[in-house]
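Data file: work_34.csv. Format and content: CSV, C-alpha atoms.
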chain,number,residue,atom,x,y,z
A,1,MET,CA,-15.3,17.4,116.9
A,2,ASP,CA,-16.6,20.9,117.4
A,3,THR,CA,-13.7,22.6,115.6
A,4,ALA,CA,-13.5,20.1,112.8
A,5,VAL,CA,-16.8,21.1,111.1
A,6,PRO,CA,-16.0,24.8,110.8
A,7,ALA,CA,-12.5,24.0,109.5
A,8,SER,CA,-14.0,21.7,106.9
A,9,GLY,CA,-16.6,24.2,105.9
A,10,HIS,CA,-14.0,27.0,105.6
A,11,GLY,CA,-11.9,24.8,103.4
A,12,GLU,CA,-14.8,24.0,101.1
A,13,HIS,CA,-15.7,27.7,100.9
A,14,ALA,CA,-12.1,28.6,100.0
A,15,ALA,CA,-12.0,26.0,97.3
A,16,ALA,CA,-15.3,27.1,95.8
A,17,SER,CA,-14.1,30.7,95.9
A,18,HIS,CA,-10.9,29.8,94.1
A,19,ILE,CA,-12.9,28.0,91.4
A,20,ASP,CA,-15.2,31.0,90.9
A,21,GLU,CA,-12.2,33.3,90.6
A,22,GLU,CA,-10.7,31.1,87.9
A,23,ARG,CA,-14.0,31.0,86.0
A,24,LYS,CA,-14.2,34.8,86.1
A,25,VAL,CA,-10.6,35.1,84.7
A,26,ARG,CA,-11.3,32.6,81.9
A,27,LEU,CA,-14.7,34.2,81.0
A,28,GLY,CA,-13.1,37.7,81.1
A,29,MET,CA,-10.4,36.8,78.6
A,30,LEU,CA,-12.8,34.8,76.5
A,31,PHE,CA,-15.3,37.6,76.2
A,32,TYR,CA,-12.4,40.0,75.3
A,33,VAL,CA,-11.3,37.7,72.5
A,34,LEU,CA,-14.9,37.3,71.3
A,35,THR,CA,-15.2,41.1,71.2
A,36,ASP,CA,-12.1,41.3,69.1
A,37,VAL,CA,-13.3,38.5,66.9
A,38,THR,CA,-16.5,40.4,66.2
A,39,PHE,CA,-14.6,43.5,65.2
A,40,VAL,CA,-12.3,41.6,62.9
A,41,ILE,CA,-15.4,39.9,61.3
A,42,PHE,CA,-16.8,43.3,60.5
A,43,MET,CA,-13.5,44.3,58.8
A,44,LEU,CA,-13.4,41.0,56.8
A,45,VAL,CA,-17.0,41.6,55.6
A,46,ALA,CA,-16.2,45.2,54.7
A,47,TYR,CA,-13.4,44.1,52.3
A,48,PRO,CA,-15.5,42.2,49.8
A,49,TRP,CA,-18.3,44.7,50.2
A,50,LEU,CA,-16.2,47.7,49.3
A,51,ARG,CA,-14.4,45.7,46.5
A,52,SER,CA,-17.7,44.6,45.0
A,53,TYR,CA,-19.3,48.1,44.9
A,54,ASN,CA,-16.2,49.9,43.9
A,55,THR,CA,-17.9,53.3,44.3
A,56,ASP,CA,-16.7,55.9,41.7
A,57,GLN,CA,-14.0,53.4,40.8
A,58,GLY,CA,-12.3,54.2,44.1
A,59,TRP,CA,-11.4,50.7,45.1
A,60,PHE,CA,-8.1,50.6,43.2
A,61,PRO,CA,-7.9,53.9,41.3
A,62,PHE,CA,-4.2,53.7,40.6
A,63,GLN,CA,-3.5,50.7,38.5
A,64,HIS,CA,0.3,51.4,38.6
A,65,MET,CA,0.3,51.2,42.4
A,66,ARG,CA,2.6,48.5,43.7
A,67,LEU,CA,0.9,45.9,45.8
A,68,PRO,CA,2.3,44.6,49.2
A,69,ASP,CA,5.0,42.0,48.6
A,70,GLN,CA,3.5,38.5,48.9
A,71,GLY,CA,6.7,36.9,50.1
A,72,THR,CA,7.0,39.3,53.1
A,73,THR,CA,3.3,38.7,53.9
A,74,VAL,CA,3.8,34.9,53.9
A,75,THR,CA,7.0,35.2,56.0
A,76,LEU,CA,5.3,37.3,58.7
A,77,LEU,CA,2.3,35.0,58.7
A,78,LEU,CA,4.5,31.9,59.2
A,79,LEU,CA,6.3,33.7,62.1
A,80,MET,CA,2.9,34.0,63.8
A,81,VAL,CA,2.0,30.4,63.1
A,82,VAL,CA,5.3,29.1,64.5
A,83,SER,CA,5.0,31.4,67.5
A,84,ALA,CA,1.5,29.9,68.3
A,85,VAL,CA,2.9,26.4,67.9
A,86,PHE,CA,5.7,27.0,70.4
A,87,TYR,CA,3.2,28.6,72.8
A,88,PHE,CA,1.1,25.4,72.6
A,89,ILE,CA,4.2,23.3,73.2
A,90,GLY,CA,4.9,25.3,76.3
A,91,TYR,CA,1.3,24.9,77.4
A,92,MET,CA,1.5,21.1,76.9
A,93,GLY,CA,4.8,21.1,78.8
A,94,ILE,CA,3.3,22.7,82.0
A,95,ARG,CA,0.3,20.4,81.7
A,96,ALA,CA,2.7,17.5,82.0
A,97,GLY,CA,4.5,19.3,84.9
A,98,ASN,CA,7.7,20.1,82.8
A,99,GLN,CA,8.9,23.6,83.7
A,100,TRP,CA,11.7,23.7,81.1
A,101,ILE,CA,9.4,22.9,78.2
A,102,LEU,CA,7.1,25.7,79.4
A,103,ARG,CA,10.0,28.1,79.6
A,104,ILE,CA,11.5,27.3,76.3
A,105,GLY,CA,8.2,27.3,74.5
A,106,MET,CA,7.2,30.7,76.0
A,107,LEU,CA,10.6,32.2,75.3
A,108,ILE,CA,10.7,31.1,71.6
A,109,SER,CA,7.1,32.1,71.0
A,110,LEU,CA,7.8,35.6,72.5
A,111,VAL,CA,10.9,36.1,70.4
A,112,LEU,CA,9.1,35.2,67.3
A,113,MET,CA,6.2,37.5,68.3
A,114,LEU,CA,8.7,40.4,68.7
A,115,ILE,CA,10.3,39.6,65.3
A,116,ALA,CA,6.9,39.6,63.7
A,117,LEU,CA,6.0,42.9,65.4
A,118,VAL,CA,9.1,44.7,64.1
A,119,GLY,CA,8.7,43.1,60.7
A,120,GLN,CA,5.1,44.2,60.4
A,121,ILE,CA,5.8,47.8,61.4
A,122,ARG,CA,8.6,48.0,58.9
A,123,PHE,CA,6.4,46.3,56.2
A,124,MET,CA,3.6,48.7,56.8
A,125,GLY,CA,5.9,51.7,56.7
A,126,SER,CA,7.6,50.6,53.4
A,127,GLN,CA,4.4,50.7,51.3
A,128,GLN,CA,4.3,53.2,48.5
A,129,PHE,CA,0.6,54.1,49.2
A,130,SER,CA,-1.1,55.8,52.0
A,131,THR,CA,-4.7,56.6,53.2
A,132,GLY,CA,-6.5,58.4,50.4
A,133,ASP,CA,-4.9,56.3,47.7
A,134,GLY,CA,-8.1,54.3,47.1
A,135,THR,CA,-10.3,52.1,49.3
A,136,PHE,CA,-8.0,49.1,49.0
A,137,ALA,CA,-5.1,51.1,50.4
A,138,ASP,CA,-7.3,52.3,53.3
A,139,THR,CA,-8.5,48.8,54.0
A,140,TRP,CA,-5.0,47.2,53.8
A,141,LEU,CA,-3.6,49.8,56.2
A,142,LEU,CA,-6.5,49.2,58.6
A,143,PHE,CA,-5.8,45.5,58.6
A,144,SER,CA,-2.1,46.0,59.0
A,145,GLY,CA,-2.5,48.6,61.8
A,146,TYR,CA,-4.9,46.4,63.7
A,147,HIS,CA,-2.6,43.5,63.3
A,148,ILE,CA,0.2,45.6,64.9
A,149,TYR,CA,-2.1,46.3,67.8
A,150,HIS,CA,-2.6,42.5,68.2
A,151,LEU,CA,1.2,42.0,68.1
A,152,LEU,CA,1.8,44.7,70.7
A,153,TRP,CA,-0.8,43.4,73.1
A,154,ALA,CA,0.4,39.8,72.6
A,155,THR,CA,4.0,40.9,73.2
A,156,PHE,CA,3.0,42.7,76.5
A,157,LEU,CA,1.1,39.6,77.7
A,158,GLY,CA,3.9,37.3,76.5
A,159,LEU,CA,6.5,39.2,78.5
A,160,GLY,CA,4.4,38.7,81.6
A,161,VAL,CA,3.8,35.0,81.1
A,162,THR,CA,7.4,34.3,80.1
A,163,HIS,CA,8.7,36.1,83.2
A,164,ARG,CA,6.4,34.1,85.5
A,165,ALA,CA,7.4,30.9,83.7
A,166,PHE,CA,11.1,31.5,84.5
A,167,ARG,CA,10.2,32.4,88.1
A,168,GLY,CA,8.4,29.0,88.5
A,169,ARG,CA,5.0,30.6,89.1
A,170,TYR,CA,3.2,28.0,87.1
A,171,THR,CA,2.7,24.4,88.0
A,172,LYS,CA,0.9,21.3,86.6
A,173,GLU,CA,-2.1,22.1,88.8
A,174,LYS,CA,-2.1,25.9,88.5
A,175,HIS,CA,-1.3,27.5,85.1
A,176,LEU,CA,-4.4,29.6,84.5
A,177,GLY,CA,-2.3,32.5,83.1
A,178,VAL,CA,-0.9,30.3,80.4
A,179,VAL,CA,-4.3,29.1,79.4
A,180,THR,CA,-6.1,32.4,79.3
A,181,ILE,CA,-3.3,34.3,77.5
A,182,GLY,CA,-3.3,31.4,75.0
A,183,TYR,CA,-6.8,32.4,74.0
A,184,PHE,CA,-5.5,35.7,72.7
A,185,TRP,CA,-2.2,34.3,71.4
A,186,TYR,CA,-3.9,31.8,69.1
A,187,TRP,CA,-6.4,34.4,67.9
A,188,ALA,CA,-3.6,36.8,67.1
A,189,ALA,CA,-2.0,34.1,64.9
A,190,LEU,CA,-5.2,33.2,63.2
A,191,THR,CA,-6.2,36.7,62.2
A,192,PRO,CA,-3.5,37.2,59.6
A,193,ILE,CA,-4.3,33.8,58.1
A,194,LEU,CA,-7.9,34.8,57.6
A,195,ILE,CA,-6.9,38.1,56.0
A,196,PHE,CA,-4.4,36.4,53.8
A,197,ILE,CA,-7.0,33.8,52.6
A,198,LEU,CA,-9.5,36.7,52.0
A,199,MET,CA,-7.1,38.7,49.9
A,200,THR,CA,-5.9,35.6,48.0
A,201,ALA,CA,-9.5,34.6,47.2
A,202,LEU,CA,-10.4,38.2,46.3
A,203,PRO,CA,-7.3,39.9,44.8
A,204,PRO,CA,-7.0,43.7,45.2
A,205,LYS,CA,-7.4,44.4,41.5
A,206,LEU,CA,-10.8,43.8,40.0
What would you get if you wrote out this structure as structure tokens?
Amino acid sequence: MDTAVPASGHGEHAAASHIDEERKVRLGMLFYVLTDVTFVIFMLVAYPWLRSYNTDQGWFPFQHMRLPDQGTTVTLLLLMVVSAVFYFIGYMGIRAGNQWILRIGMLISLVLMLIALVGQIRFMGSQQFSTGDGTFADTWLLFSGYHIYHLLWATFLGLGVTHRAFRGRYTKEKHLGVVTIGYFWYWAALTPILIFILMTALPPKL
């Protein structure tokens, strides 16, 4: 009886410590995503502000300038959306204890993310304008460059979570990594949708 109480107390302490660590990881990633959300909101607000004021007619000074191709924009956006869908499928798989659904979901979402990354880099580099060609050009390049940062960071995280998934590191009871990386993954997919909606509602040319 004398040894049972300390053992029980030690077990409860270990369980509580584990819960605290999980909470710290969740909050850490959540706060990072919220910081990123705040920055993107500032960029989204800057777009209509600069467009509305059009200081010295500098928003779109070259009317002959070719705009980014809408078809390519939509294709890259859909790649991100489908990637997020497969990530969620993988997450639901591990919640049900199915390792193979997790692995397939993570792998497909990662491949789609890589395709979107390469496509976005090529798309940004193919534009016929650069910084200094008007405020719209500067703003679009800022959006595109920051989205590439999202894709790079998501790819790095995706490589880790996919590797762990294939090694069987996640279980039905313990899959915190899938959950927390999902916070950023879904946000990375949502960002281009918000930008697309903004630019569709407020076209570049006044």
Once you count only C-alpha atoms, what closest atom pair and distance in Å to one decimal does each residue of range 121-160 of chain A within 12 Å of range 71-80 of chain A have, with rows by chain and rising residue number, as JSON lines?
{"residue": "A:Ile121", "atom": "CA", "partner": "A:Leu76", "partner_atom": "CA", "distance": 10.9}
{"residue": "A:Arg122", "atom": "CA", "partner": "A:Thr72", "partner_atom": "CA", "distance": 10.6}
{"residue": "A:Phe123", "atom": "CA", "partner": "A:Thr72", "partner_atom": "CA", "distance": 7.7}
{"residue": "A:Met124", "atom": "CA", "partner": "A:Thr73", "partner_atom": "CA", "distance": 10.4}
{"residue": "A:Ser126", "atom": "CA", "partner": "A:Thr72", "partner_atom": "CA", "distance": 11.3}
{"residue": "A:Gln127", "atom": "CA", "partner": "A:Thr72", "partner_atom": "CA", "distance": 11.8}
{"residue": "A:Trp140", "atom": "CA", "partner": "A:Thr73", "partner_atom": "CA", "distance": 11.9}
{"residue": "A:Ser144", "atom": "CA", "partner": "A:Thr73", "partner_atom": "CA", "distance": 10.4}
{"residue": "A:His147", "atom": "CA", "partner": "A:Leu77", "partner_atom": "CA", "distance": 10.8}
{"residue": "A:Ile148", "atom": "CA", "partner": "A:Leu76", "partner_atom": "CA", "distance": 11.5}
{"residue": "A:His150", "atom": "CA", "partner": "A:Met80", "partner_atom": "CA", "distance": 11.0}
{"residue": "A:Leu151", "atom": "CA", "partner": "A:Met80", "partner_atom": "CA", "distance": 9.2}
{"residue": "A:Ala154", "atom": "CA", "partner": "A:Met80", "partner_atom": "CA", "distance": 10.8}
{"residue": "A:Thr155", "atom": "CA", "partner": "A:Met80", "partner_atom": "CA", "distance": 11.7}
Please, could you write that set of residues out with C-alpha atoms as a PDB file, in the coordinates of the input?
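As written to disk, selection_27.pdb reads:
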ATOM      1  CA  ILE A 121       5.800  47.800  61.400  1.00  0.00           C
ATOM      2  CA  ARG A 122       8.600  48.000  58.900  1.00  0.00           C
ATOM      3  CA  PHE A 123       6.400  46.300  56.200  1.00  0.00           C
ATOM      4  CA  MET A 124       3.600  48.700  56.800  1.00  0.00           C
ATOM      5  CA  SER A 126       7.600  50.600  53.400  1.00  0.00           C
ATOM      6  CA  GLN A 127       4.400  50.700  51.300  1.00  0.00           C
ATOM      7  CA  TRP A 140      -5.000  47.200  53.800  1.00  0.00           C
ATOM      8  CA  SER A 144      -2.100  46.000  59.000  1.00  0.00           C
ATOM      9  CA  HIS A 147      -2.600  43.500  63.300  1.00  0.00           C
ATOM     10  CA  ILE A 148       0.200  45.600  64.900  1.00  0.00           C
ATOM     11  CA  HIS A 150      -2.600  42.500  68.200  1.00  0.00           C
ATOM     12  CA  LEU A 151       1.200  42.000  68.100  1.00  0.00           C
ATOM     13  CA  ALA A 154       0.400  39.800  72.600  1.00  0.00           C
ATOM     14  CA  THR A 155       4.000  40.900  73.200  1.00  0.00           C
TER      15      THR A 155
END
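Picture a line from CA of Tyr87 in chain A to CA of Glu22 in chain A; it runs 20.7 Å.
Counting only C-alpha atoms and comparing A:Tyr32, A:Leu117, A:Tyr91, A:Tyr149, the residue that lies closest to Leu176 in chain A is A:Tyr91.
Distance annotation: of A:Trp153, A:Phe136, A:Phe31, A:Trp185, the residue with the minimal separation from Tyr47 in chain A is A:Phe136; atom set is all atoms listed in the file.
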- Task: To one decimal in Å, tell me the separation between CA of Trp187 in chain A and CA of Gln128 in chain A.
- Result: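 Computing the Euclidean distance for CA of Trp187 in chain A and CA of Gln128 in chain A yields 29.1 Å.
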- Between CA of Gly119 in chain A and CA of Gly93 in chain A, distance in Å (one decimal):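 Computing it gives 28.8 Å between the two atoms.
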- Would you mind telling me which residue in A:Val161, A:Ala137, A:Val118, A:Val82 lies nearest to Met65 in chain A when using only C-alpha atoms?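 Result for the nearest residue to Met65 in chain A: A:Ala137.
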- Would you be able to write out as a PyMOL selection string which residues have an atom within 12 Å of (-14.2, 44.3, 56.5) in the file's coordinates, counting only C-alpha atoms? chain A and resi 37-51+135-136+138-143+146+194-195+198-199
- Message: Between A:Arg26, A:Leu107, A:Asn54, A:Ser83, which residue has the minimum interatomic distance to Phe166 in chain A, considering only C-alpha atoms?
- Response: A:Leu107
- For Arg103 in chain A, the nearest of the candidates A:Leu202, A:Ile89, A:Val81, A:Leu34, counting all atoms listed in the file: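 Closest to Arg103 in chain A of all the choices is A:Ile89.
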- Extract, using all atoms listed in the file, all DNA, RNA and protein residues at most 12 Å from Thr162 in chain A, discarding same-chain residues fewer than 6 positions from it, and format them as a list in words.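 Listed by chain and then number, they are Tyr87, Gly90, Tyr91, Gln99, Trp100, Ile101, Leu102, Arg103, Ile104, Gly105, Met106, Leu107, Ile108, Ser109, Leu110, Val111, Ala154, Thr155, Phe156, Gly168, Arg169, Tyr170, Gly177, Val178 and Ile181 of chain A.
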